[in-house]
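Chemist: See final_16.tsv below, with TSV, C-alpha atoms.
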```
chain	number	residue	atom	x	y	z
T	1	MET	CA	123.14	233.81	165.63
T	2	HIS	CA	124.74	235.23	168.77
T	3	LYS	CA	122.57	232.96	171.01
T	4	LYS	CA	123.31	229.88	168.90
T	5	PHE	CA	127.03	230.61	169.12
T	6	TRP	CA	127.02	230.57	172.95
T	7	ILE	CA	124.90	227.39	173.08
T	8	SER	CA	127.39	225.64	170.80
T	9	LEU	CA	130.34	226.86	172.85
T	10	VAL	CA	128.83	225.55	176.11
T	11	ALA	CA	128.16	222.18	174.47
T	12	ILE	CA	131.76	221.90	173.26
T	13	ILE	CA	133.13	222.77	176.70
T	14	SER	CA	130.85	220.15	178.30
T	15	ILE	CA	132.11	217.46	175.93
T	16	ILE	CA	135.73	218.38	176.74
T	17	VAL	CA	135.07	218.23	180.51
T	18	LEU	CA	133.32	214.85	180.25
T	19	ALA	CA	136.14	213.48	178.15
T	20	ALA	CA	138.66	214.65	180.75
T	21	CYS	CA	136.67	212.95	183.52
T	22	GLY	CA	136.63	209.77	181.49
T	23	ASN	CA	140.39	209.83	181.17
T	24	ASN	CA	140.78	210.23	184.95
T	25	ASP	CA	138.55	207.18	185.62
T	26	SER	CA	140.70	205.12	183.28
T	27	GLU	CA	143.88	206.16	185.08
T	28	ASP	CA	142.38	205.14	188.45
T	29	THR	CA	141.53	201.72	187.07
T	30	ASP	CA	144.99	201.25	185.67
T	31	SER	CA	146.72	202.27	188.88
T	32	GLY	CA	144.54	200.14	191.12
T	33	SER	CA	142.53	201.84	193.86
T	34	ASP	CA	141.07	205.37	193.98
T	35	ASP	CA	143.97	206.72	196.02
T	36	GLY	CA	146.46	205.63	193.36
T	37	SER	CA	147.88	202.74	195.41
T	38	GLU	CA	148.53	199.36	193.83
T	39	THR	CA	145.72	196.83	193.55
T	40	TYR	CA	146.71	193.16	193.46
T	41	THR	CA	144.82	190.13	192.22
T	42	ILE	CA	145.17	186.82	194.04
T	43	GLY	CA	143.81	183.57	192.71
T	44	ALA	CA	142.86	181.35	195.66
T	45	SER	CA	142.53	177.64	194.85
T	46	GLN	CA	140.99	175.53	197.64
T	47	PHE	CA	140.74	171.75	197.25
T	48	VAL	CA	137.49	171.40	199.16
T	49	GLU	CA	135.38	173.39	201.60
T	50	HIS	CA	135.69	172.28	205.21
T	51	PRO	CA	136.29	174.22	208.43
T	52	SER	CA	140.09	173.83	208.57
T	53	LEU	CA	140.73	174.96	204.99
T	54	ASP	CA	138.15	177.72	205.36
T	55	ALA	CA	139.95	178.94	208.51
T	56	ALA	CA	143.30	178.96	206.69
T	57	TYR	CA	141.84	181.07	203.88
T	58	GLU	CA	140.31	183.53	206.34
T	59	GLY	CA	143.65	183.82	208.17
T	60	PHE	CA	145.43	184.43	204.85
T	61	LYS	CA	143.09	187.29	203.95
T	62	GLU	CA	143.25	188.76	207.45
T	63	ALA	CA	147.05	189.08	207.35
T	64	ILE	CA	146.88	190.90	204.03
T	65	ALA	CA	144.12	193.19	205.28
T	66	ASP	CA	146.14	193.96	208.41
T	67	ALA	CA	149.03	195.02	206.17
T	68	GLY	CA	146.73	197.43	204.35
T	69	LEU	CA	147.12	195.96	200.87
T	70	ASP	CA	144.33	196.42	198.34
T	71	VAL	CA	143.63	192.92	197.00
T	72	GLU	CA	140.95	191.42	194.81
T	73	TYR	CA	140.44	187.69	195.45
T	74	ASP	CA	139.25	185.06	193.03
T	75	LEU	CA	138.39	182.08	195.30
T	76	GLN	CA	137.61	178.81	193.55
T	77	SER	CA	136.95	175.41	195.14
T	78	ALA	CA	137.87	172.16	193.37
T	79	GLN	CA	135.06	170.39	195.27
T	80	ALA	CA	137.53	167.61	196.20
T	81	ASP	CA	138.06	166.74	192.52
T	82	GLN	CA	141.74	166.75	191.55
T	83	ASN	CA	140.85	167.32	187.88
T	84	ASN	CA	139.29	170.63	188.86
T	85	THR	CA	142.50	171.85	190.49
T	86	SER	CA	144.26	171.92	187.10
T	87	THR	CA	141.42	173.83	185.46
T	88	ILE	CA	141.45	176.38	188.26
T	89	ALA	CA	145.23	176.85	188.12
T	90	GLN	CA	145.27	177.23	184.35
T	91	GLY	CA	142.55	179.85	184.64
T	92	PHE	CA	144.60	181.86	187.10
T	93	VAL	CA	147.60	181.73	184.75
T	94	ALA	CA	145.44	182.90	181.83
T	95	ASP	CA	144.20	185.78	183.99
T	96	ASN	CA	147.82	186.61	184.89
T	97	VAL	CA	147.05	186.99	188.60
T	98	ASP	CA	149.74	188.51	190.80
T	99	LEU	CA	149.90	185.52	193.17
T	100	ILE	CA	148.29	182.11	193.62
T	101	PHE	CA	147.22	180.96	197.09
T	102	ALA	CA	146.98	177.16	197.06
T	103	ASN	CA	145.04	175.72	199.99
T	104	ALA	CA	145.89	171.97	200.30
T	105	THR	CA	148.33	169.70	198.49
T	106	PRO	CA	146.37	168.91	195.27
T	107	SER	CA	145.75	172.61	194.66
T	108	ALA	CA	149.43	173.42	195.19
T	109	GLN	CA	150.58	170.62	192.87
T	110	ALA	CA	148.24	171.82	190.11
T	111	ALA	CA	149.37	175.42	190.49
T	112	LEU	CA	153.02	174.43	190.23
T	113	GLN	CA	152.32	172.44	187.08
T	114	ALA	CA	150.52	175.41	185.57
T	115	THR	CA	153.15	178.10	186.10
T	116	LYS	CA	156.82	178.59	186.85
T	117	ASP	CA	156.49	182.38	186.79
T	118	ILE	CA	153.61	183.44	189.04
T	119	PRO	CA	154.43	183.26	192.79
T	120	ILE	CA	152.62	180.42	194.57
T	121	LEU	CA	152.05	180.28	198.32
T	122	PHE	CA	150.62	177.11	199.81
T	123	THR	CA	149.26	176.10	203.17
T	124	SER	CA	147.39	173.08	204.56
T	125	VAL	CA	150.13	170.94	203.01
T	126	THR	CA	151.50	168.11	205.14
T	127	ASP	CA	154.75	167.17	203.38
T	128	ALA	CA	155.83	169.68	200.74
T	129	VAL	CA	159.01	167.80	199.83
T	130	GLU	CA	157.35	164.39	199.43
T	131	ALA	CA	154.54	166.00	197.41
T	132	GLY	CA	157.13	167.35	194.96
T	133	LEU	CA	156.29	170.98	195.67
T	134	VAL	CA	159.74	172.03	196.86
T	135	GLU	CA	163.26	170.71	196.66
T	136	SER	CA	163.88	171.25	200.36
T	137	MET	CA	162.39	173.15	203.29
T	138	ASP	CA	165.24	175.69	203.30
T	139	GLN	CA	165.49	176.10	199.52
T	140	PRO	CA	161.95	175.72	198.22
T	141	GLY	CA	162.50	176.72	194.57
T	142	GLU	CA	161.91	179.65	192.29
T	143	ASN	CA	158.19	180.40	192.53
T	144	ILE	CA	156.69	178.45	195.42
T	145	THR	CA	156.88	178.31	199.21
T	146	GLY	CA	154.45	178.26	202.12
T	147	VAL	CA	153.47	176.92	205.52
T	148	MET	CA	152.85	173.26	206.37
T	149	ASP	CA	149.89	172.06	208.44
T	150	LEU	CA	151.59	169.22	210.29
T	151	HIS	CA	153.79	169.86	213.28
T	152	PRO	CA	156.78	167.47	213.12
T	153	ASP	CA	155.74	165.82	216.41
T	154	ALA	CA	151.96	165.72	215.88
T	155	ILE	CA	151.60	162.12	214.69
T	156	SER	CA	154.17	160.65	217.09
T	157	ASN	CA	152.48	162.46	219.99
T	158	THR	CA	149.06	161.22	218.87
T	159	ILE	CA	150.22	157.61	218.65
T	160	GLU	CA	151.85	157.94	222.07
T	161	PHE	CA	148.53	159.27	223.42
T	162	ILE	CA	146.63	156.28	221.98
T	163	ALA	CA	149.24	153.79	223.24
T	164	THR	CA	149.10	155.31	226.71
T	165	TYR	CA	145.33	155.56	227.19
T	166	PHE	CA	144.11	152.81	224.82
T	167	GLU	CA	146.91	150.29	225.27
T	168	GLY	CA	146.92	147.29	222.95
T	169	SER	CA	144.31	148.79	220.58
T	170	THR	CA	143.95	148.20	216.88
T	171	VAL	CA	143.91	151.62	215.23
T	172	GLY	CA	141.67	151.97	212.18
T	173	VAL	CA	142.54	154.60	209.57
T	174	VAL	CA	140.51	155.78	206.58
T	175	TYR	CA	142.23	157.82	203.88
T	176	ASN	CA	142.38	158.65	200.18
T	177	ALA	CA	145.41	156.84	198.75
T	178	GLY	CA	145.37	159.36	195.90
T	179	GLU	CA	146.23	162.23	198.24
T	180	GLN	CA	150.01	162.47	198.73
T	181	ASN	CA	149.23	164.48	201.85
T	182	SER	CA	147.48	161.44	203.33
T	183	VAL	CA	149.95	158.79	202.20
T	184	SER	CA	152.77	160.68	203.94
T	185	GLN	CA	150.77	160.81	207.15
T	186	ILE	CA	149.85	157.12	207.08
T	187	ASP	CA	153.52	156.28	206.55
T	188	ALA	CA	154.30	158.38	209.62
T	189	VAL	CA	151.54	156.59	211.57
T	190	LYS	CA	153.06	153.20	210.69
T	191	GLU	CA	156.49	154.39	211.75
T	192	ALA	CA	155.17	155.75	215.04
T	193	ILE	CA	153.20	152.58	215.83
T	194	ASP	CA	156.22	150.35	215.28
T	195	GLY	CA	157.45	149.15	218.67
T	196	THR	CA	154.28	150.10	220.58
T	197	SER	CA	151.44	147.88	221.82
T	198	LEU	CA	149.25	149.11	218.94
T	199	SER	CA	148.41	147.58	215.57
T	200	LEU	CA	146.94	149.14	212.41
T	201	THR	CA	144.09	148.36	210.03
T	202	GLU	CA	143.57	150.46	206.89
T	203	ARG	CA	140.64	151.44	204.66
T	204	THR	CA	141.04	153.60	201.56
T	205	VAL	CA	138.49	155.70	199.69
T	206	SER	CA	138.47	157.64	196.42
T	207	THR	CA	135.60	160.02	197.11
T	208	SER	CA	133.80	161.42	200.13
T	209	ALA	CA	130.76	159.32	199.19
T	210	GLU	CA	132.73	156.18	200.13
T	211	VAL	CA	133.62	157.36	203.65
T	212	GLN	CA	130.47	156.05	205.36
T	213	GLN	CA	131.00	152.50	204.07
T	214	ALA	CA	134.71	152.56	204.90
T	215	ALA	CA	134.07	153.74	208.47
T	216	THR	CA	131.35	151.13	208.98
T	217	SER	CA	133.71	148.41	207.78
T	218	LEU	CA	136.04	149.21	210.70
T	219	VAL	CA	133.42	148.10	213.26
T	220	GLY	CA	134.72	144.92	214.87
T	221	ASP	CA	138.20	145.41	213.44
T	222	ALA	CA	139.25	148.67	215.11
T	223	ASP	CA	139.28	149.69	218.78
T	224	VAL	CA	140.17	153.30	217.95
T	225	ILE	CA	139.63	155.27	214.73
T	226	TYR	CA	142.29	157.80	213.72
T	227	ILE	CA	141.47	160.24	210.88
T	228	VAL	CA	144.51	162.20	209.70
T	229	THR	CA	144.15	165.49	207.80
T	230	ASP	CA	142.86	163.76	204.67
T	231	ASN	CA	140.71	166.26	202.76
T	232	THR	CA	138.42	163.63	201.23
T	233	VAL	CA	137.60	162.00	204.57
T	234	VAL	CA	137.51	165.21	206.61
T	235	SER	CA	135.01	166.71	204.18
T	236	ALA	CA	132.67	163.82	205.13
T	237	LEU	CA	133.71	163.52	208.77
T	238	GLU	CA	130.13	163.40	210.08
T	239	ALA	CA	129.82	159.90	208.61
T	240	VAL	CA	132.78	158.72	210.71
T	241	VAL	CA	131.49	160.52	213.81
T	242	GLY	CA	128.17	158.73	213.44
T	243	VAL	CA	129.86	155.32	213.39
T	244	ALA	CA	132.13	156.22	216.34
T	245	ASN	CA	129.22	157.44	218.46
T	246	GLU	CA	126.93	154.55	217.63
T	247	GLN	CA	129.58	151.88	218.19
T	248	ASP	CA	131.43	153.53	221.15
T	249	ILE	CA	134.72	153.78	219.29
T	250	PRO	CA	137.10	156.64	220.29
T	251	LEU	CA	137.63	158.93	217.29
T	252	ILE	CA	141.06	160.59	217.15
T	253	VAL	CA	141.34	163.34	214.52
T	254	GLY	CA	144.11	165.33	212.86
T	255	GLU	CA	143.15	168.90	213.69
T	256	PRO	CA	141.08	170.86	216.24
T	257	ASP	CA	138.34	171.92	213.81
T	258	SER	CA	137.29	168.28	213.53
T	259	LEU	CA	136.64	168.25	217.29
T	260	GLU	CA	133.86	170.77	216.76
T	261	ARG	CA	132.28	168.26	214.36
T	262	GLY	CA	132.40	165.42	216.92
T	263	GLY	CA	135.98	164.12	217.08
T	264	PHE	CA	137.32	163.16	220.53
T	265	ALA	CA	141.00	164.21	220.65
T	266	THR	CA	143.88	165.56	218.59
T	267	TYR	CA	147.37	166.98	218.82
T	268	GLY	CA	146.67	169.82	216.49
T	269	ILE	CA	147.42	173.23	215.16
T	270	ASP	CA	145.30	176.28	214.47
T	271	TYR	CA	144.60	176.56	210.70
T	272	HIS	CA	143.77	180.25	210.98
T	273	THR	CA	147.30	180.77	212.33
T	274	ILE	CA	149.07	179.00	209.46
T	275	GLY	CA	146.85	180.83	206.98
T	276	TYR	CA	147.75	184.14	208.63
T	277	ARG	CA	151.46	183.36	208.42
T	278	THR	CA	151.07	182.51	204.73
T	279	GLY	CA	149.32	185.85	204.25
T	280	GLU	CA	152.31	187.61	205.81
T	281	MET	CA	154.52	185.90	203.24
T	282	ALA	CA	152.18	187.11	200.50
T	283	VAL	CA	152.53	190.70	201.68
T	284	ASP	CA	156.32	190.51	201.46
T	285	ILE	CA	156.14	189.06	197.94
T	286	LEU	CA	153.51	191.44	196.57
T	287	THR	CA	155.35	194.49	197.89
T	288	GLY	CA	158.65	193.26	196.49
T	289	GLU	CA	160.40	192.89	199.84
T	290	GLN	CA	161.10	189.21	199.22
T	291	THR	CA	160.66	186.53	196.57
T	292	THR	CA	159.37	183.00	197.08
T	293	ALA	CA	162.94	181.76	196.69
T	294	ASP	CA	163.95	183.89	199.68
T	295	ILE	CA	161.38	182.36	202.06
T	296	PRO	CA	161.94	178.86	203.51
T	297	VAL	CA	158.95	176.57	203.98
T	298	GLU	CA	157.76	176.76	207.57
T	299	TYR	CA	156.20	174.31	210.04
T	300	PRO	CA	153.39	175.43	212.37
T	301	SER	CA	154.90	177.30	215.29
T	302	SER	CA	153.13	175.26	218.01
T	303	MET	CA	150.68	172.47	218.78
T	304	GLN	CA	148.89	171.04	221.80
T	305	LEU	CA	146.42	168.40	222.97
T	306	PHE	CA	142.76	169.27	222.35
T	307	ILE	CA	139.85	167.19	223.69
T	308	ASN	CA	136.08	167.29	223.20
T	309	LYS	CA	134.47	166.14	226.47
T	310	GLY	CA	131.04	165.77	224.89
T	311	ALA	CA	132.44	163.50	222.19
T	312	ALA	CA	134.17	161.43	224.89
T	313	GLU	CA	130.77	160.80	226.47
T	314	GLU	CA	129.15	160.03	223.11
T	315	GLN	CA	131.88	157.49	222.33
T	316	GLY	CA	131.81	155.79	225.75
T	317	ILE	CA	135.32	156.83	226.72
T	318	GLU	CA	136.28	156.58	230.39
T	319	TRP	CA	137.56	159.98	231.49
T	320	ASN	CA	141.18	160.28	232.65
T	321	ASP	CA	142.08	163.06	235.11
T	322	ASP	CA	145.38	163.68	233.27
T	323	TRP	CA	143.39	165.26	230.49
T	324	ASP	CA	142.08	167.99	232.81
T	325	VAL	CA	145.67	169.16	233.17
T	326	ASP	CA	147.08	168.49	229.71
T	327	ALA	CA	144.30	169.42	227.30
T	328	GLU	CA	142.48	172.44	225.98
T	329	PHE	CA	138.80	171.68	225.60
T	330	LYS	CA	136.49	172.16	222.67
T	331	GLU	CA	132.81	171.40	222.19
T	332	THR	CA	130.80	169.97	219.35
T	333	VAL	CA	129.17	172.77	217.38
T	334	GLU	CA	125.74	171.81	216.10
T	335	GLU	CA	124.89	173.26	212.69
```
The structure in this file should be written as structure tokens.
Modeler:
Amino acid sequence: MHKKFWISLVAIISIIVLAACGNNDSEDTDSGSDDGSETYTIGASQFVEHPSLDAAYEGFKEAIADAGLDVEYDLQSAQADQNNTSTIAQGFVADNVDLIFANATPSAQAALQATKDIPILFTSVTDAVEAGLVESMDQPGENITGVMDLHPDAISNTIEFIATYFEGSTVGVVYNAGEQNSVSQIDAVKEAIDGTSLSLTERTVSTSAEVQQAATSLVGDADVIYIVTDNTVVSALEAVVGVANEQDIPLIVGEPDSLERGGFATYGIDYHTIGYRTGEMAVDILTGEQTTADIPVEYPSSMQLFINKGAAEEQGIEWNDDWDVDAEFKETVEE
């Protein structure tokens, strides 16, 4: 009996110790990380996967990591389908994430339709006011703000570049008329062309599968092709590059990442930089230092002329010595 008593006592003590350990694990989960600090959940909605949007997302995460926050990310791509953006946003609301990162205009619009309570930070958005995301740049609204991807002078500088070095050209544009981001840019292109020696011819697409045909249809009608930061077209940029190279048509693009895929020139911004700045905003919101209503929408801090010399050769462009002084150079990156 004496031996059985001690065996039973040890068993009871073991059960109590295990139960106590179990309670501690539960507390760690509730409080976030093992050191008791807060863990945040961010739902990241990206309209489509291409180098510029990918760079913005990486910059966003890097800023948060640099701040030392413990964050779990739920990244979901809409695969360039606007219907998917709503499903993704509604899922984030159902999961009650701490913040939504919306990468591109359709993703931001869907997030704003899904919630008026969860903070939303956007980037890779060209015209936040025209897209209906914010009331104004200085007073964005209650639960949304972010960083734009278009420097105010980018399109006017690009048109001036084309008018200077390709005087009298017809500029061919391909864009998705269903993307507010793109419509705003094409309107800006038309405004900038007015009064120059240039003229414009337009092609619209609904999906990336239509880009090849649209680009081919510009042959004979366009002297220069200009692709703005349209997500549908940029996601299929190689089709446009192929036409430009084969037909010796200069291909002007809307951001530097497209140079690495074969574009010739752009007045662009660094998407990693605008993603990083958006991440800094997220840190302030998650830690309670600011709210979205406190943070005005921002433009990119700088831009410059980028040129791909290899693409210039591929597209039969006569080199101008001015570009050696004015431009930063990039190369095509073969995958």
Chemist: Please list as a list in words every residue within 8 Å of stretch 304-320 of chain T, counting all atoms listed in the file and excluding residues in the same chain fewer than 3 positions away.
Modeler: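 Skipping anything fewer than 3 positions along the chain leaves Ala244, Asn245, Glu246, Gln247, Asp248, Ile249, Pro250, Leu251, Pro256, Leu259, Glu260, Gly262, Gly263, Phe264, Ala265, Thr266, Tyr267, Gly268, Ile269, Trp323, Asp324, Asp326, Ala327, Glu328, Phe329, Lys330, Glu331 and Thr332 of chain T.
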Chemist: Residues at most 7 Å from T:Ala293, counting only C-alpha atoms, excluding those fewer than 4 positions away in the same chain, as a ChimeraX atom specification?
Modeler: /T:139-143
Chemist: Quick one: residues within 8 Å of T:Ala282, only C-alpha atoms counted, chain neighbours fewer than 5 positions away excluded, as a short mmCIF file (atom, residue, chain, number, x, y, z; two decimals) with C-alpha atoms, in the coordinates of the input?
Modeler:
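Done, and the output landed in out-v6.cif:
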```
data_model
loop_
_atom_site.label_atom_id
_atom_site.label_comp_id
_atom_site.auth_asym_id
_atom_site.auth_seq_id
_atom_site.Cartn_x
_atom_site.Cartn_y
_atom_site.Cartn_z
CA ILE T 64 146.88 190.90 204.03
CA LEU T 99 149.90 185.52 193.17
CA LEU T 121 152.05 180.28 198.32
#
```
Chemist: Find the residues near T:Asp74: any atom within 8 Å, counting all atoms listed in the file, skip ones fewer than 5 places away on the same chain, and give them as a list in words.
Modeler: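 The contact residues come out as Thr41, Ile42, Gly43 and Ala44 of chain T.
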Chemist: If we count all atoms listed in the file and set the cut-off at 8 Å, which residues sit around stretch 168-172 of chain T, ignoring sequence neighbours fewer than 2 positions away in its own chain? Please answer as a PyMOL selection string.
Modeler: chain T and resi 162-163+166+174+197-203+218+221-226
Chemist: Counting all atoms listed in the file, note down every residue that has an atom within 9 Å of the point (133.7, 173.7, 196.3) (file coordinates), as a PyMOL selection string.
Modeler: chain T and resi 46-49+76-80
Chemist: Name the closest residue to T:Gly242 among the candidates T:Ala65, T:Met137, T:Val205, T:Val211; distances are taken between atoms, counting only C-alpha atoms.
Modeler: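 Nearest to T:Gly242: T:Val211.
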Chemist: At a cut-off of 10 Å around the point (157.2, 180.4, 194.5) (file coordinates), what residues fall inside when counting only C-alpha atoms? I'd like the answer as a list in words.
Modeler: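 Here is the list of nearby residues: Leu99, Ile100, Leu112, Thr115, Lys116, Asp117, Ile118, Pro119, Ile120, Leu121, Phe122, Leu133, Val134, Pro140, Gly141, Glu142, Asn143, Ile144, Thr145, Gly146, Ile285, Thr291, Thr292, Ala293, Asp294 and Ile295 of chain T.
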Chemist: What would stretch 40-50 of chain T look like with all heavy atoms in place, written as a PDB file, in the frame of the given file?
Modeler:
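Result saved to part.pdb:
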```
ATOM      1  N   TYR T  40     146.184 194.464 193.842  1.00  0.00           N
ATOM      2  CA  TYR T  40     146.710 193.160 193.460  1.00  0.00           C
ATOM      3  C   TYR T  40     145.557 192.177 193.265  1.00  0.00           C
ATOM      4  O   TYR T  40     144.519 192.293 193.913  1.00  0.00           O
ATOM      5  CB  TYR T  40     147.656 192.625 194.540  1.00  0.00           C
ATOM      6  CG  TYR T  40     148.776 193.571 194.890  1.00  0.00           C
ATOM      7  CD1 TYR T  40     148.660 194.416 195.990  1.00  0.00           C
ATOM      8  CD2 TYR T  40     149.938 193.626 194.128  1.00  0.00           C
ATOM      9  CE1 TYR T  40     149.687 195.297 196.324  1.00  0.00           C
ATOM     10  CE2 TYR T  40     150.957 194.504 194.445  1.00  0.00           C
ATOM     11  CZ  TYR T  40     150.831 195.331 195.548  1.00  0.00           C
ATOM     12  OH  TYR T  40     151.837 196.193 195.870  1.00  0.00           O
ATOM     13  N   THR T  41     145.797 191.195 192.426  1.00  0.00           N
ATOM     14  CA  THR T  41     144.820 190.130 192.220  1.00  0.00           C
ATOM     15  C   THR T  41     145.421 188.800 192.671  1.00  0.00           C
ATOM     16  O   THR T  41     146.515 188.440 192.235  1.00  0.00           O
ATOM     17  CB  THR T  41     144.412 190.023 190.741  1.00  0.00           C
ATOM     18  OG1 THR T  41     143.890 191.273 190.319  1.00  0.00           O
ATOM     19  CG2 THR T  41     143.368 188.938 190.553  1.00  0.00           C
ATOM     20  N   ILE T  42     144.721 188.118 193.547  1.00  0.00           N
ATOM     21  CA  ILE T  42     145.170 186.820 194.040  1.00  0.00           C
ATOM     22  C   ILE T  42     144.158 185.749 193.648  1.00  0.00           C
ATOM     23  O   ILE T  42     142.963 185.874 193.932  1.00  0.00           O
ATOM     24  CB  ILE T  42     145.350 186.828 195.575  1.00  0.00           C
ATOM     25  CG1 ILE T  42     146.498 187.763 195.957  1.00  0.00           C
ATOM     26  CG2 ILE T  42     145.607 185.414 196.099  1.00  0.00           C
ATOM     27  CD1 ILE T  42     146.737 187.858 197.457  1.00  0.00           C
ATOM     28  N   GLY T  43     144.638 184.722 192.988  1.00  0.00           N
ATOM     29  CA  GLY T  43     143.810 183.570 192.710  1.00  0.00           C
ATOM     30  C   GLY T  43     143.944 182.574 193.839  1.00  0.00           C
ATOM     31  O   GLY T  43     145.044 182.100 194.134  1.00  0.00           O
ATOM     32  N   ALA T  44     142.838 182.261 194.505  1.00  0.00           N
ATOM     33  CA  ALA T  44     142.860 181.350 195.660  1.00  0.00           C
ATOM     34  C   ALA T  44     142.221 180.023 195.257  1.00  0.00           C
ATOM     35  O   ALA T  44     141.026 179.968 194.964  1.00  0.00           O
ATOM     36  CB  ALA T  44     142.117 181.960 196.839  1.00  0.00           C
ATOM     37  N   SER T  45     143.022 178.973 195.220  1.00  0.00           N
ATOM     38  CA  SER T  45     142.530 177.640 194.850  1.00  0.00           C
ATOM     39  C   SER T  45     142.430 176.784 196.108  1.00  0.00           C
ATOM     40  O   SER T  45     143.437 176.539 196.783  1.00  0.00           O
ATOM     41  CB  SER T  45     143.497 176.996 193.851  1.00  0.00           C
ATOM     42  OG  SER T  45     143.093 175.673 193.565  1.00  0.00           O
ATOM     43  N   GLN T  46     141.217 176.353 196.437  1.00  0.00           N
ATOM     44  CA  GLN T  46     140.990 175.530 197.640  1.00  0.00           C
ATOM     45  C   GLN T  46     140.468 174.171 197.206  1.00  0.00           C
ATOM     46  O   GLN T  46     139.509 174.090 196.438  1.00  0.00           O
ATOM     47  CB  GLN T  46     139.995 176.227 198.561  1.00  0.00           C
ATOM     48  CG  GLN T  46     139.782 175.507 199.884  1.00  0.00           C
ATOM     49  CD  GLN T  46     139.128 176.407 200.926  1.00  0.00           C
ATOM     50  OE1 GLN T  46     139.536 177.551 201.109  1.00  0.00           O
ATOM     51  NE2 GLN T  46     138.132 175.895 201.612  1.00  0.00           N
ATOM     52  N   PHE T  47     141.078 173.095 197.720  1.00  0.00           N
ATOM     53  CA  PHE T  47     140.740 171.750 197.250  1.00  0.00           C
ATOM     54  C   PHE T  47     139.301 171.373 197.559  1.00  0.00           C
ATOM     55  O   PHE T  47     138.603 170.782 196.742  1.00  0.00           O
ATOM     56  CB  PHE T  47     141.704 170.730 197.851  1.00  0.00           C
ATOM     57  CG  PHE T  47     141.484 169.329 197.341  1.00  0.00           C
ATOM     58  CD1 PHE T  47     141.516 169.051 195.988  1.00  0.00           C
ATOM     59  CD2 PHE T  47     141.236 168.286 198.218  1.00  0.00           C
ATOM     60  CE1 PHE T  47     141.306 167.769 195.505  1.00  0.00           C
ATOM     61  CE2 PHE T  47     141.023 167.000 197.755  1.00  0.00           C
ATOM     62  CZ  PHE T  47     141.064 166.738 196.395  1.00  0.00           C
ATOM     63  N   VAL T  48     138.862 171.726 198.765  1.00  0.00           N
ATOM     64  CA  VAL T  48     137.490 171.400 199.160  1.00  0.00           C
ATOM     65  C   VAL T  48     137.118 172.350 200.300  1.00  0.00           C
ATOM     66  O   VAL T  48     137.989 172.928 200.957  1.00  0.00           O
ATOM     67  CB  VAL T  48     137.384 169.920 199.612  1.00  0.00           C
ATOM     68  CG1 VAL T  48     138.156 169.678 200.897  1.00  0.00           C
ATOM     69  CG2 VAL T  48     135.937 169.470 199.753  1.00  0.00           C
ATOM     70  N   GLU T  49     135.833 172.508 200.521  1.00  0.00           N
ATOM     71  CA  GLU T  49     135.380 173.390 201.600  1.00  0.00           C
ATOM     72  C   GLU T  49     135.149 172.570 202.852  1.00  0.00           C
ATOM     73  O   GLU T  49     134.280 171.703 202.870  1.00  0.00           O
ATOM     74  CB  GLU T  49     134.110 174.106 201.166  1.00  0.00           C
ATOM     75  CG  GLU T  49     134.341 175.076 200.015  1.00  0.00           C
ATOM     76  CD  GLU T  49     133.065 175.422 199.297  1.00  0.00           C
ATOM     77  OE1 GLU T  49     132.495 174.503 198.659  1.00  0.00           O
ATOM     78  OE2 GLU T  49     132.637 176.580 199.371  1.00  0.00           O
ATOM     79  N   HIS T  50     135.953 172.807 203.871  1.00  0.00           N
ATOM     80  CA  HIS T  50     135.690 172.280 205.210  1.00  0.00           C
ATOM     81  C   HIS T  50     136.304 173.244 206.212  1.00  0.00           C
ATOM     82  O   HIS T  50     137.114 174.101 205.837  1.00  0.00           O
ATOM     83  CB  HIS T  50     136.138 170.823 205.385  1.00  0.00           C
ATOM     84  CG  HIS T  50     137.585 170.557 205.281  1.00  0.00           C
ATOM     85  ND1 HIS T  50     138.524 171.094 206.141  1.00  0.00           N
ATOM     86  CD2 HIS T  50     138.282 169.776 204.426  1.00  0.00           C
ATOM     87  CE1 HIS T  50     139.709 170.643 205.821  1.00  0.00           C
ATOM     88  NE2 HIS T  50     139.604 169.859 204.777  1.00  0.00           N
TER      89      HIS T  50
END
```
